[in-house]
Each structure stands twice: as C-alpha cells, then as structure tokens.
$ cat input_24.pdb   # PDB, C-alpha atoms, pLDDT in the B column
ATOM      1  CA  MET Q  17     -68.897 -56.831 -20.845  1.00 49.00           C
ATOM      2  CA  GLY Q  18     -72.242 -55.204 -20.147  1.00 59.00           C
ATOM      3  CA  ASN Q  19     -75.065 -55.142 -22.643  1.00 70.00           C
ATOM      4  CA  TYR Q  20     -73.325 -52.602 -24.799  1.00 78.00           C
ATOM      5  CA  GLY Q  21     -70.176 -52.484 -26.918  1.00 84.00           C
ATOM      6  CA  ILE Q  22     -68.864 -54.055 -30.071  1.00 89.00           C
ATOM      7  CA  LYS Q  23     -67.755 -57.622 -30.698  1.00 90.00           C
ATOM      8  CA  ILE Q  24     -66.685 -58.981 -34.061  1.00 91.00           C
ATOM      9  CA  ALA Q  25     -66.229 -62.729 -34.410  1.00 91.00           C
ATOM     10  CA  GLU Q  26     -64.178 -64.734 -36.844  1.00 89.00           C
ATOM     11  CA  GLU Q  27     -66.027 -66.221 -39.772  1.00 90.00           C
ATOM     12  CA  GLY Q  28     -68.131 -69.162 -38.655  1.00 94.00           C
ATOM     13  CA  TYR Q  29     -68.521 -68.002 -35.039  1.00 94.00           C
ATOM     14  CA  ASP Q  30     -71.434 -66.260 -33.359  1.00 95.00           C
ATOM     15  CA  ALA Q  31     -70.208 -62.975 -31.854  1.00 92.00           C
ATOM     16  CA  LYS Q  32     -72.659 -63.380 -28.965  1.00 92.00           C
ATOM     17  CA  THR Q  33     -71.214 -66.685 -27.793  1.00 94.00           C
ATOM     18  CA  ALA Q  34     -67.689 -66.951 -29.254  1.00 92.00           C
ATOM     19  CA  GLY Q  35     -64.727 -67.205 -26.907  1.00 91.00           C
ATOM     20  CA  LEU Q  36     -62.191 -64.405 -26.784  1.00 88.00           C
ATOM     21  CA  ASN Q  37     -59.802 -66.376 -28.974  1.00 85.00           C
ATOM     22  CA  ASN Q  38     -62.393 -66.446 -31.738  1.00 88.00           C
ATOM     23  CA  LEU Q  39     -63.081 -62.722 -31.704  1.00 88.00           C
ATOM     24  CA  VAL Q  40     -61.461 -60.336 -34.134  1.00 88.00           C
ATOM     25  CA  PHE Q  41     -62.409 -57.368 -31.991  1.00 89.00           C
ATOM     26  CA  HIS Q  42     -63.869 -56.839 -28.515  1.00 90.00           C
ATOM     27  CA  SER Q  43     -64.455 -53.270 -27.367  1.00 89.00           C
ATOM     28  CA  GLU Q  44     -63.616 -54.119 -23.772  1.00 88.00           C
ATOM     29  CA  TYR Q  45     -59.981 -54.785 -24.693  1.00 88.00           C
ATOM     30  CA  PRO Q  46     -57.769 -52.006 -26.048  1.00 88.00           C
ATOM     31  CA  VAL Q  47     -55.967 -52.357 -29.348  1.00 90.00           C
ATOM     32  CA  LEU Q  48     -52.393 -51.128 -29.401  1.00 91.00           C
ATOM     33  CA  LYS Q  49     -52.405 -47.630 -30.853  1.00 93.00           C
ATOM     34  CA  ILE Q  50     -49.227 -46.717 -32.677  1.00 93.00           C
ATOM     35  CA  LYS Q  51     -47.658 -43.416 -31.724  1.00 94.00           C
ATOM     36  CA  GLU Q  52     -44.736 -43.534 -34.099  1.00 94.00           C
ATOM     37  CA  SER Q  53     -42.042 -45.662 -35.611  1.00 94.00           C
ATOM     38  CA  GLY Q  54     -38.586 -44.726 -36.768  1.00 95.00           C
ATOM     39  CA  ALA Q  55     -35.195 -45.883 -37.912  1.00 96.00           C
ATOM     40  CA  THR Q  56     -31.655 -44.930 -37.128  1.00 97.00           C
ATOM     41  CA  SER Q  57     -28.246 -46.533 -37.015  1.00 97.00           C
ATOM     42  CA  ILE Q  58     -25.338 -46.674 -34.625  1.00 97.00           C
ATOM     43  CA  THR Q  59     -21.666 -47.362 -35.035  1.00 97.00           C
ATOM     44  CA  PRO Q  60     -21.099 -49.431 -31.928  1.00 97.00           C
ATOM     45  CA  ILE Q  61     -18.032 -49.587 -29.773  1.00 97.00           C
ATOM     46  CA  ILE Q  62     -16.665 -53.135 -29.715  1.00 96.00           C
ATOM     47  CA  ASP Q  63     -15.023 -53.352 -26.330  1.00 95.00           C
ATOM     48  CA  GLY Q  64     -17.162 -55.694 -24.261  1.00 94.00           C
ATOM     49  CA  ALA Q  65     -18.398 -52.829 -22.088  1.00 96.00           C
ATOM     50  CA  LEU Q  66     -21.995 -51.717 -21.686  1.00 96.00           C
ATOM     51  CA  HIS Q  67     -23.026 -48.732 -23.811  1.00 97.00           C
ATOM     52  CA  THR Q  68     -26.335 -46.882 -24.010  1.00 96.00           C
ATOM     53  CA  VAL Q  69     -27.709 -44.857 -26.922  1.00 96.00           C
ATOM     54  CA  THR Q  70     -30.806 -42.655 -26.800  1.00 97.00           C
ATOM     55  CA  LEU Q  71     -32.934 -43.590 -29.792  1.00 96.00           C
ATOM     56  CA  HIS Q  72     -35.882 -41.286 -29.389  1.00 96.00           C
ATOM     57  CA  THR Q  73     -37.532 -38.786 -27.047  1.00 97.00           C
ATOM     58  CA  HIS Q  74     -41.275 -39.443 -26.657  1.00 96.00           C
ATOM     59  CA  ASN Q  75     -42.074 -37.300 -23.577  1.00 95.00           C
ATOM     60  CA  LEU Q  76     -45.289 -39.196 -22.826  1.00 95.00           C
ATOM     61  CA  GLY Q  77     -44.761 -38.989 -19.084  1.00 93.00           C
ATOM     62  CA  TYR Q  78     -45.406 -42.732 -18.618  1.00 93.00           C
ATOM     63  CA  LEU Q  79     -43.839 -45.978 -19.783  1.00 92.00           C
ATOM     64  CA  PRO Q  80     -45.204 -46.812 -23.226  1.00 93.00           C
ATOM     65  CA  VAL Q  81     -45.325 -50.231 -24.862  1.00 92.00           C
ATOM     66  CA  PHE Q  82     -42.571 -50.426 -27.460  1.00 93.00           C
ATOM     67  CA  ASP Q  83     -40.458 -52.743 -29.543  1.00 92.00           C
ATOM     68  CA  CYS Q  84     -37.075 -52.399 -31.143  1.00 94.00           C
ATOM     69  CA  GLY Q  85     -35.399 -54.300 -33.980  1.00 94.00           C
ATOM     70  CA  PHE Q  86     -31.707 -54.230 -34.798  1.00 96.00           C
ATOM     71  CA  GLU Q  87     -29.074 -55.622 -37.119  1.00 97.00           C
ATOM     72  CA  TYR Q  88     -26.363 -57.636 -35.413  1.00 96.00           C
ATOM     73  CA  TYR Q  89     -22.952 -59.222 -35.784  1.00 96.00           C
ATOM     74  CA  ASN Q  90     -22.378 -62.880 -36.463  1.00 94.00           C
ATOM     75  CA  PRO Q  91     -20.844 -63.973 -33.144  1.00 91.00           C
ATOM     76  CA  THR Q  92     -18.472 -66.378 -34.864  1.00 90.00           C
ATOM     77  CA  THR Q  93     -17.278 -64.446 -37.930  1.00 93.00           C
ATOM     78  CA  SER Q  94     -17.816 -60.909 -36.536  1.00 94.00           C
ATOM     79  CA  VAL Q  95     -19.432 -59.878 -39.840  1.00 96.00           C
ATOM     80  CA  LYS Q  96     -22.587 -57.769 -39.703  1.00 97.00           C
ATOM     81  CA  VAL Q  97     -25.821 -59.605 -40.518  1.00 95.00           C
ATOM     82  CA  SER Q  98     -28.149 -57.358 -42.508  1.00 95.00           C
ATOM     83  CA  ARG Q  99     -31.279 -58.773 -40.970  1.00 95.00           C
ATOM     84  CA  TYR Q 100     -33.238 -57.409 -38.032  1.00 96.00           C
ATOM     85  CA  ARG Q 101     -34.118 -59.076 -34.786  1.00 93.00           C
ATOM     86  CA  TYR Q 102     -36.689 -57.718 -32.366  1.00 91.00           C
ATOM     87  CA  GLY Q 103     -36.548 -57.792 -28.599  1.00 86.00           C
ATOM     88  CA  SER Q 104     -33.319 -58.614 -26.824  1.00 86.00           C
ATOM     89  CA  ARG Q 105     -30.548 -60.944 -27.862  1.00 88.00           C
ATOM     90  CA  MET Q 106     -27.464 -62.565 -26.434  1.00 88.00           C
ATOM     91  CA  ASP Q 107     -25.145 -64.246 -28.940  1.00 89.00           C
ATOM     92  CA  GLN Q 108     -22.356 -66.469 -27.757  1.00 86.00           C
ATOM     93  CA  GLY Q 109     -19.137 -66.672 -29.758  1.00 83.00           C
ATOM     94  CA  ALA Q 110     -15.921 -68.458 -28.881  1.00 83.00           C
ATOM     95  CA  GLY Q 111     -15.765 -67.463 -25.249  1.00 85.00           C
ATOM     96  CA  THR Q 112     -17.412 -64.128 -25.979  1.00 88.00           C
ATOM     97  CA  PHE Q 113     -20.878 -62.647 -25.696  1.00 91.00           C
ATOM     98  CA  ASN Q 114     -22.704 -59.981 -27.661  1.00 94.00           C
ATOM     99  CA  VAL Q 115     -25.747 -58.553 -25.900  1.00 94.00           C
ATOM    100  CA  TYR Q 116     -28.396 -56.213 -27.356  1.00 94.00           C
ATOM    101  CA  PHE Q 117     -31.541 -54.851 -25.711  1.00 92.00           C
ATOM    102  CA  SER Q 118     -33.703 -51.758 -25.474  1.00 93.00           C
ATOM    103  CA  TYR Q 119     -35.739 -50.066 -22.762  1.00 93.00           C
ATOM    104  CA  VAL Q 120     -37.892 -47.012 -22.089  1.00 92.00           C
ATOM    105  CA  ASP Q 121     -38.427 -44.531 -19.322  1.00 93.00           C
ATOM    106  CA  SER Q 122     -41.177 -41.932 -19.140  1.00 93.00           C
ATOM    107  CA  ALA Q 123     -39.405 -39.656 -21.608  1.00 95.00           C
ATOM    108  CA  LYS Q 124     -37.099 -41.623 -23.863  1.00 95.00           C
ATOM    109  CA  LEU Q 125     -36.372 -44.894 -25.658  1.00 95.00           C
ATOM    110  CA  TYR Q 126     -32.883 -46.330 -25.309  1.00 94.00           C
ATOM    111  CA  PHE Q 127     -30.774 -49.025 -26.957  1.00 95.00           C
ATOM    112  CA  ARG Q 128     -28.109 -50.714 -24.866  1.00 95.00           C
ATOM    113  CA  TYR Q 129     -25.448 -53.133 -25.976  1.00 96.00           C
ATOM    114  CA  SER Q 130     -22.292 -54.897 -24.928  1.00 96.00           C
ATOM    115  CA  LEU Q 131     -20.289 -56.240 -27.858  1.00 97.00           C
ATOM    116  CA  ALA Q 132     -17.137 -58.277 -27.654  1.00 96.00           C
ATOM    117  CA  ILE Q 133     -16.991 -59.203 -31.327  1.00 95.00           C
ATOM    118  CA  GLY Q 134     -17.981 -57.337 -34.480  1.00 96.00           C
ATOM    119  CA  ASP Q 135     -16.495 -55.776 -37.590  1.00 96.00           C
ATOM    120  CA  GLY Q 136     -17.519 -52.273 -36.528  1.00 95.00           C
ATOM    121  CA  SER Q 137     -20.032 -51.764 -39.331  1.00 97.00           C
ATOM    122  CA  ALA Q 138     -22.958 -49.496 -38.530  1.00 98.00           C
ATOM    123  CA  LEU Q 139     -26.004 -51.387 -37.221  1.00 98.00           C
ATOM    124  CA  GLY Q 140     -29.477 -50.377 -38.327  1.00 97.00           C
ATOM    125  CA  ILE Q 141     -32.106 -49.983 -35.620  1.00 97.00           C
ATOM    126  CA  LYS Q 142     -35.863 -49.676 -36.040  1.00 96.00           C
ATOM    127  CA  TYR Q 143     -38.358 -48.956 -33.291  1.00 96.00           C
ATOM    128  CA  ILE Q 144     -42.046 -48.605 -32.694  1.00 94.00           C
ATOM    129  CA  LEU Q 145     -43.783 -46.836 -29.825  1.00 95.00           C
ATOM    130  CA  TYR Q 146     -47.409 -47.176 -28.809  1.00 95.00           C
ATOM    131  CA  TYR Q 147     -49.625 -44.819 -26.856  1.00 94.00           C
ATOM    132  CA  ASP Q 148     -50.638 -47.685 -24.615  1.00 92.00           C
ATOM    133  CA  ALA Q 149     -48.987 -47.702 -21.213  1.00 90.00           C
ATOM    134  CA  LEU Q 150     -47.112 -50.551 -19.642  1.00 84.00           C
ATOM    135  CA  PRO Q 151     -48.930 -51.627 -16.484  1.00 73.00           C
TER     136      PRO Q 151
ATOM    137  CA  MET B  13     -61.064 -35.726 -35.545  1.00 48.00           C
ATOM    138  CA  SER B  14     -63.865 -34.830 -37.888  1.00 56.00           C
ATOM    139  CA  ASP B  15     -67.430 -35.826 -37.155  1.00 68.00           C
ATOM    140  CA  ALA B  16     -66.934 -39.209 -38.820  1.00 75.00           C
ATOM    141  CA  GLY B  17     -65.054 -42.252 -37.528  1.00 81.00           C
ATOM    142  CA  ILE B  18     -64.854 -44.491 -34.505  1.00 87.00           C
ATOM    143  CA  LYS B  19     -63.832 -43.671 -30.949  1.00 89.00           C
ATOM    144  CA  ILE B  20     -64.283 -46.061 -28.048  1.00 91.00           C
ATOM    145  CA  SER B  21     -63.018 -45.006 -24.656  1.00 92.00           C
ATOM    146  CA  LYS B  22     -62.166 -47.149 -21.663  1.00 91.00           C
ATOM    147  CA  PHE B  23     -64.770 -47.613 -18.937  1.00 89.00           C
ATOM    148  CA  GLY B  24     -65.162 -44.409 -16.942  1.00 92.00           C
ATOM    149  CA  ILE B  25     -63.591 -42.190 -19.608  1.00 93.00           C
ATOM    150  CA  ASP B  26     -65.756 -39.714 -21.502  1.00 94.00           C
ATOM    151  CA  VAL B  27     -65.527 -40.663 -25.162  1.00 92.00           C
ATOM    152  CA  ASN B  28     -66.061 -37.021 -26.093  1.00 92.00           C
ATOM    153  CA  ILE B  29     -62.770 -35.792 -24.657  1.00 93.00           C
ATOM    154  CA  ILE B  30     -60.382 -34.448 -27.230  1.00 91.00           C
ATOM    155  CA  PRO B  31     -57.556 -36.934 -27.802  1.00 91.00           C
ATOM    156  CA  THR B  32     -54.163 -35.605 -26.806  1.00 92.00           C
ATOM    157  CA  GLU B  33     -50.716 -37.170 -26.741  1.00 91.00           C
ATOM    158  CA  THR B  34     -51.113 -38.150 -23.103  1.00 89.00           C
ATOM    159  CA  ASN B  35     -54.725 -39.415 -23.031  1.00 93.00           C
ATOM    160  CA  ILE B  36     -54.813 -41.514 -26.206  1.00 93.00           C
ATOM    161  CA  LYS B  37     -53.929 -44.453 -23.994  1.00 92.00           C
ATOM    162  CA  ASP B  38     -57.390 -44.088 -22.423  1.00 92.00           C
ATOM    163  CA  PHE B  39     -59.092 -45.129 -25.644  1.00 92.00           C
ATOM    164  CA  ILE B  40     -59.889 -48.676 -26.665  1.00 91.00           C
ATOM    165  CA  VAL B  41     -60.029 -47.680 -30.324  1.00 90.00           C
ATOM    166  CA  LEU B  42     -59.217 -44.392 -31.957  1.00 90.00           C
ATOM    167  CA  ASP B  43     -59.445 -44.437 -35.696  1.00 87.00           C
ATOM    168  CA  GLN B  44     -57.003 -41.545 -35.968  1.00 85.00           C
ATOM    169  CA  LYS B  45     -54.238 -43.907 -34.922  1.00 87.00           C
ATOM    170  CA  ASP B  46     -52.979 -47.041 -36.595  1.00 87.00           C
ATOM    171  CA  SER B  47     -53.155 -50.282 -34.685  1.00 87.00           C
ATOM    172  CA  LEU B  48     -51.392 -53.593 -35.124  1.00 87.00           C
ATOM    173  CA  LEU B  49     -52.714 -55.768 -37.930  1.00 88.00           C
ATOM    174  CA  VAL B  50     -51.767 -59.433 -38.049  1.00 90.00           C
ATOM    175  CA  TYR B  51     -50.499 -60.631 -41.415  1.00 93.00           C
ATOM    176  CA  GLN B  52     -49.719 -64.243 -40.604  1.00 93.00           C
ATOM    177  CA  SER B  53     -49.050 -66.504 -37.665  1.00 91.00           C
ATOM    178  CA  GLY B  54     -48.244 -70.160 -37.335  1.00 91.00           C
ATOM    179  CA  VAL B  55     -46.170 -72.951 -35.865  1.00 90.00           C
ATOM    180  CA  VAL B  56     -43.110 -74.510 -37.511  1.00 92.00           C
ATOM    181  CA  ASP B  57     -40.910 -77.421 -36.524  1.00 89.00           C
ATOM    182  CA  SER B  58     -37.977 -76.776 -38.852  1.00 91.00           C
ATOM    183  CA  THR B  59     -36.010 -73.936 -40.413  1.00 94.00           C
ATOM    184  CA  THR B  60     -38.435 -71.880 -42.472  1.00 96.00           C
ATOM    185  CA  THR B  61     -38.338 -68.754 -44.616  1.00 97.00           C
ATOM    186  CA  ILE B  62     -41.598 -66.853 -44.858  1.00 97.00           C
ATOM    187  CA  ASN B  63     -41.766 -64.635 -47.915  1.00 97.00           C
ATOM    188  CA  HIS B  64     -43.862 -61.491 -47.347  1.00 95.00           C
ATOM    189  CA  ASN B  65     -42.447 -59.184 -50.089  1.00 93.00           C
ATOM    190  CA  PHE B  66     -43.676 -56.055 -48.294  1.00 94.00           C
ATOM    191  CA  GLY B  67     -40.654 -54.063 -49.396  1.00 95.00           C
ATOM    192  CA  TYR B  68     -40.223 -52.883 -45.810  1.00 95.00           C
ATOM    193  CA  LEU B  69     -39.324 -54.547 -42.540  1.00 95.00           C
ATOM    194  CA  PRO B  70     -42.523 -55.606 -40.777  1.00 94.00           C
ATOM    195  CA  LEU B  71     -42.926 -56.168 -37.074  1.00 94.00           C
ATOM    196  CA  PHE B  72     -42.706 -59.808 -36.096  1.00 94.00           C
ATOM    197  CA  ASP B  73     -42.212 -61.923 -33.023  1.00 90.00           C
ATOM    198  CA  GLY B  74     -41.726 -65.525 -32.057  1.00 88.00           C
ATOM    199  CA  ALA B  75     -41.433 -67.905 -29.183  1.00 84.00           C
ATOM    200  CA  GLN B  76     -40.417 -71.478 -28.611  1.00 82.00           C
ATOM    201  CA  ILE B  77     -43.144 -73.914 -27.668  1.00 79.00           C
ATOM    202  CA  ALA B  78     -41.849 -75.721 -24.632  1.00 69.00           C
ATOM    203  CA  SER B  79     -42.063 -79.357 -23.749  1.00 65.00           C
ATOM    204  CA  ASN B  80     -41.267 -81.455 -20.702  1.00 61.00           C
ATOM    205  CA  GLY B  81     -41.838 -79.543 -17.462  1.00 57.00           C
ATOM    206  CA  LEU B  82     -42.937 -76.415 -19.257  1.00 58.00           C
ATOM    207  CA  SER B  83     -45.243 -78.159 -21.696  1.00 60.00           C
ATOM    208  CA  GLY B  84     -47.695 -75.877 -23.431  1.00 63.00           C
ATOM    209  CA  ARG B  85     -45.865 -72.703 -22.560  1.00 68.00           C
ATOM    210  CA  LEU B  86     -44.223 -70.245 -24.909  1.00 70.00           C
ATOM    211  CA  ILE B  87     -40.664 -69.269 -24.107  1.00 68.00           C
ATOM    212  CA  ARG B  88     -38.911 -66.182 -25.399  1.00 64.00           C
ATOM    213  CA  THR B  89     -35.569 -67.615 -26.413  1.00 60.00           C
ATOM    214  CA  VAL B  90     -32.335 -65.663 -26.442  1.00 50.00           C
ATOM    215  CA  GLY B  91     -30.492 -67.206 -29.349  1.00 57.00           C
ATOM    216  CA  ASP B  92     -30.849 -70.743 -28.101  1.00 68.00           C
ATOM    217  CA  ASP B  93     -32.750 -73.423 -29.980  1.00 79.00           C
ATOM    218  CA  TRP B  94     -34.449 -70.998 -32.360  1.00 85.00           C
ATOM    219  CA  ASP B  95     -33.729 -67.673 -33.979  1.00 87.00           C
ATOM    220  CA  ILE B  96     -36.063 -65.311 -35.846  1.00 91.00           C
ATOM    221  CA  SER B  97     -34.919 -62.406 -37.979  1.00 94.00           C
ATOM    222  CA  GLY B  98     -36.225 -60.504 -40.966  1.00 96.00           C
ATOM    223  CA  ASP B  99     -35.597 -58.116 -43.826  1.00 96.00           C
ATOM    224  CA  ILE B 100     -37.726 -56.317 -46.395  1.00 96.00           C
ATOM    225  CA  ASN B 101     -38.643 -59.529 -48.215  1.00 96.00           C
ATOM    226  CA  ASN B 102     -38.619 -62.380 -45.729  1.00 97.00           C
ATOM    227  CA  VAL B 103     -38.861 -63.486 -42.137  1.00 97.00           C
ATOM    228  CA  TYR B 104     -36.308 -66.173 -41.360  1.00 96.00           C
ATOM    229  CA  ILE B 105     -36.896 -68.767 -38.688  1.00 94.00           C
ATOM    230  CA  THR B 106     -33.814 -70.833 -37.953  1.00 91.00           C
ATOM    231  CA  LYS B 107     -33.706 -73.998 -35.937  1.00 89.00           C
ATOM    232  CA  ASN B 108     -30.245 -73.927 -34.433  1.00 83.00           C
ATOM    233  CA  TYR B 109     -30.174 -77.463 -33.058  1.00 78.00           C
ATOM    234  CA  ALA B 110     -31.425 -80.105 -35.456  1.00 71.00           C
ATOM    235  CA  GLY B 111     -31.985 -82.547 -32.628  1.00 65.00           C
ATOM    236  CA  SER B 112     -34.497 -80.369 -30.861  1.00 66.00           C
ATOM    237  CA  ALA B 113     -38.084 -81.624 -30.944  1.00 66.00           C
ATOM    238  CA  LEU B 114     -39.406 -78.245 -29.928  1.00 76.00           C
ATOM    239  CA  LYS B 115     -41.635 -76.180 -32.170  1.00 84.00           C
ATOM    240  CA  PHE B 116     -41.678 -72.459 -32.759  1.00 87.00           C
ATOM    241  CA  PHE B 117     -44.605 -70.039 -32.836  1.00 88.00           C
ATOM    242  CA  TYR B 118     -44.345 -66.903 -34.945  1.00 91.00           C
ATOM    243  CA  ILE B 119     -46.481 -63.892 -35.714  1.00 92.00           C
ATOM    244  CA  ILE B 120     -45.917 -61.324 -38.450  1.00 95.00           C
ATOM    245  CA  PHE B 121     -47.690 -57.985 -38.522  1.00 93.00           C
ATOM    246  CA  ILE B 122     -48.457 -55.813 -41.510  1.00 91.00           C
ATOM    247  CA  ASN B 123     -47.133 -52.745 -39.728  1.00 89.00           C
ATOM    248  CA  GLU B 124     -43.728 -51.356 -40.555  1.00 86.00           C
TER     249      GLU B 124
END

$ encode --input "input_24.pdb" --output "structure tokens"
Amino acid sequence: MGNYGIKIAEEGYDAKTAGLNNLVFHSEYPVLKIKESGATSITPIIDGALHTVTLHTHNLGYLPVFDCGFEYYNPTTSVKVSRYRYGSRMDQGAGTFNVYFSYVDSAKLYFRYSLAIGDGSALGIKYILYYDALP
Amino acid sequence: MSDAGIKISKFGIDVNIIPTETNIKDFIVLDQKDSLLVYQSGVVDSTTTINHNFGYLPLFDGAQIASNGLSGRLIRTVGDDWDISGDINNVYITKNYAGSALKFFYIIFINE
C-alpha cells in the first residue's frame, strides 16, 4: 500500500502497524460485492445419471464468484433433509452415491446432480452471485 | 449514486467512472452494493448447533482442520469426518466419526 488509502484495525490494534489478519478493512483488497441472491427448487430425477439445471442467467460476460446451497436426501433412508448445505457434496449410501455441485460460465449459473437414492421430494436451492470475478 | 457515499476503485481504475453491471468488479468498495458481513466464526471439536435465529438461511462455510501430514491446513470435506448444514434458525455442525481427533473451522455470515 502506498501512503494513501484506508485501513481499519480491530479494537486494540494500531491500523498503521497491524497485520492483515488484524484489520477489519484494507482498501487495497476488494470486498466481495453481492450482485444478487435467489432461491428456487427442483424435482430431481433419481436415476444415478448426471443432470444439469440452469439456476440463473447473469450475463456478466466473465466468471463471477458464487456459492450455492441445497437441500439433500439422506443417503441411507432416502428421505429429504430440510437443511441446506453449501458447496458440493457426495453422500455415500449402501453401495450408492448422491452427488451435488454447482458451477458458472460467463452467462449462467448451473446446478448439477447425480442421485441414486431419494424420495423424489423437491429440493430447495439458494444461490448468491458476486460482481467479483474468479481469477 | 448520489453525491454521498464511498467508492474505492482498484489501482489504475478511475474512481469517477459510472458503475455498471460489468465494471463493478473493478471497485474495491462500492457502497451501492452489499458485501459479506461476518456474523460468527470459530473452531469446534464435537457436534455443535449454533443458534442464529435470523429467520432466514444465512451463508456459511466450514472446513476440517487437518493433522498429521497436512497439519495446520484446512480441508474442504465432502461428507467425510464432518458435515455442516443450516436452516433459518441454526447452523448444524456434525462430527460423523466420534473417534476423529480433528477439529472443524466454521464461519457464518449475516447475509442471506
């Protein structure tokens, strides 16, 4: 950082000398700026094959940072769990696998899954997109 | 943006440019746009329920703190030793294997 900018330190630290891990804000490092968040649901196909669903069209023209949370099936009982997990998951049942993950391209956000076990109930999905670009 | 607020652009970018959908990424801070706010973070060594009572599902994340050859590293697990999930009232951290000595780092954001 040059001799300009903004640094805010945690309580008890001097902003002029504090390490990065003790700063609340440092104007040299971008904060993630939220573009939008949303929710939808899917009624998945339980056949063990890979399926892809378009969740949202962002049209940013670059790959944005994002995250995606989703309800899931108990891999042992096949019953839907009404809690959300973020990121990607692979659940192992009795000789079976359920896989969930999401990805983006420069125009859209997608959810992809391969489910071998599940009661077929609709799964809620929530997502968040940022303006900040993936490197 | 009105004539009040905070804009900080990245090095080499004119802070006076008008923010558009495709150049907002060139700003360090733009007070027109929400940013992530940390509600709580910590380390647990057993199954834990964290009550937030937001009434909405917040963003959260977690990672296993490794030991042995990967000591000091955080590992994004895929349903192995630890699981983290949430709803509108709680974030649930589950230790799947009681014998594991590993710990788990979590972070919960205020953002929906």

$ resolve_selection --input "input_24.pdb" --expression "the PyMOL selection byres ((chain B) within 6 of (chain Q))" --output "list in words"
Thr34, Lys37, Ile40, Lys45, Asp46, Ser47, Val90, Ser97, Gly98 and Asp99 of chain B

$ write_last_selection --input "input_24.pdb" --atoms "C-alpha atoms" --output "CSV table (one decimal), keeping the file's coordinate frame"
chain,number,residue,atom,x,y,z
B,34,THR,CA,-51.1,-38.2,-23.1
B,37,LYS,CA,-53.9,-44.5,-24.0
B,40,ILE,CA,-59.9,-48.7,-26.7
B,45,LYS,CA,-54.2,-43.9,-34.9
B,46,ASP,CA,-53.0,-47.0,-36.6
B,47,SER,CA,-53.2,-50.3,-34.7
B,90,VAL,CA,-32.3,-65.7,-26.4
B,97,SER,CA,-34.9,-62.4,-38.0
B,98,GLY,CA,-36.2,-60.5,-41.0
B,99,ASP,CA,-35.6,-58.1,-43.8

$ closest_residue --input "input_24.pdb" --among "B:Thr32, B:Asn63, B:Ser21, B:Ser58" --to "Ile120 (chain B)" --atoms "all atoms listed in the file"
B:Asn63

$ atom_distance --input "input_24.pdb" --atom1 "CA of Ile96 (chain B)" --atom2 "CA of Thr68 (chain Q)"
24.0 Å

$ atom_distance --input "input_24.pdb" --atom1 "CA of Asn102 (chain B)" --atom2 "CA of Ser53 (chain B)"
13.8 Å

$ residues_around --input "input_24.pdb" --residues "region 90-95 of chain Q" --least-positions-apart "4" --cutoff "8 Å" --atoms "only C-alpha atoms" --output "PyMOL selection string"
chain Q and resi 107-110+112-114+133-135

$ atom_distance --input "input_24.pdb" --atom1 "CA of Gly64 (chain Q)" --atom2 "CA of Val81 (chain Q)"
28.7 Å

$ resolve_selection --input "input_24.pdb" --expression "the PyMOL selection byres ((chain Q and resi 59) around 10)" --output "ChimeraX atom specification"
/Q:57-58,60-62,136-140

$ resolve_selection --input "input_24.pdb" --expression "the PyMOL selection byres ((chain B and resi 65-76) around 8)" --output "PDB file with C-alpha atoms, in the coordinates of the input"
ATOM      1  CA  TYR Q 102     -36.689 -57.718 -32.366  1.00 91.00           C
TER       2      TYR Q 102
ATOM      3  CA  ASN B  63     -41.766 -64.635 -47.915  1.00 97.00           C
ATOM      4  CA  HIS B  64     -43.862 -61.491 -47.347  1.00 95.00           C
ATOM      5  CA  ILE B  77     -43.144 -73.914 -27.668  1.00 79.00           C
ATOM      6  CA  ALA B  78     -41.849 -75.721 -24.632  1.00 69.00           C
ATOM      7  CA  LEU B  86     -44.223 -70.245 -24.909  1.00 70.00           C
ATOM      8  CA  ILE B  87     -40.664 -69.269 -24.107  1.00 68.00           C
ATOM      9  CA  ARG B  88     -38.911 -66.182 -25.399  1.00 64.00           C
ATOM     10  CA  THR B  89     -35.569 -67.615 -26.413  1.00 60.00           C
ATOM     11  CA  TRP B  94     -34.449 -70.998 -32.360  1.00 85.00           C
ATOM     12  CA  ILE B  96     -36.063 -65.311 -35.846  1.00 91.00           C
ATOM     13  CA  GLY B  98     -36.225 -60.504 -40.966  1.00 96.00           C
ATOM     14  CA  ASP B  99     -35.597 -58.116 -43.826  1.00 96.00           C
ATOM     15  CA  ILE B 100     -37.726 -56.317 -46.395  1.00 96.00           C
ATOM     16  CA  ASN B 101     -38.643 -59.529 -48.215  1.00 96.00           C
ATOM     17  CA  ASN B 102     -38.619 -62.380 -45.729  1.00 97.00           C
ATOM     18  CA  LEU B 114     -39.406 -78.245 -29.928  1.00 76.00           C
ATOM     19  CA  LYS B 115     -41.635 -76.180 -32.170  1.00 84.00           C
ATOM     20  CA  PHE B 116     -41.678 -72.459 -32.759  1.00 87.00           C
ATOM     21  CA  PHE B 117     -44.605 -70.039 -32.836  1.00 88.00           C
ATOM     22  CA  TYR B 118     -44.345 -66.903 -34.945  1.00 91.00           C
ATOM     23  CA  ILE B 119     -46.481 -63.892 -35.714  1.00 92.00           C
ATOM     24  CA  ILE B 120     -45.917 -61.324 -38.450  1.00 95.00           C
ATOM     25  CA  PHE B 121     -47.690 -57.985 -38.522  1.00 93.00           C
ATOM     26  CA  ILE B 122     -48.457 -55.813 -41.510  1.00 91.00           C
ATOM     27  CA  ASN B 123     -47.133 -52.745 -39.728  1.00 89.00           C
ATOM     28  CA  GLU B 124     -43.728 -51.356 -40.555  1.00 86.00           C
TER      29      GLU B 124
END

$ residues_around --input "input_24.pdb" --residues "His67 (chain Q)" --least-positions-apart "5" --cutoff "7 Å" --atoms "all atoms listed in the file" --output "count of residues only"
3

$ closest_residue --input "input_24.pdb" --among "Q:Glu26, Q:His72, Q:Gly35, Q:Phe41" --to "Thr56 (chain Q)" --atoms "all atoms listed in the file"
Q:His72

$ axis_aligned_box --input "input_24.pdb" --around "region 62-68 of chain B" --padding-each-side "3 Å" --output "JSON"
{"center_x": -42.0, "center_y": -59.9, "center_z": -47.5, "size_x": 9.6, "size_y": 20.0, "size_z": 11.2}

$ residues_around --input "input_24.pdb" --residues "region 16-20 of chain B" --least-positions-apart "2" --cutoff "6 Å" --atoms "all atoms listed in the file" --output "CSV table (one decimal) with C-alpha atoms, in the frame of the given file"
chain,number,residue,atom,x,y,z
B,14,SER,CA,-63.9,-34.8,-37.9
B,39,PHE,CA,-59.1,-45.1,-25.6
B,40,ILE,CA,-59.9,-48.7,-26.7
B,41,VAL,CA,-60.0,-47.7,-30.3
B,42,LEU,CA,-59.2,-44.4,-32.0
B,43,ASP,CA,-59.4,-44.4,-35.7
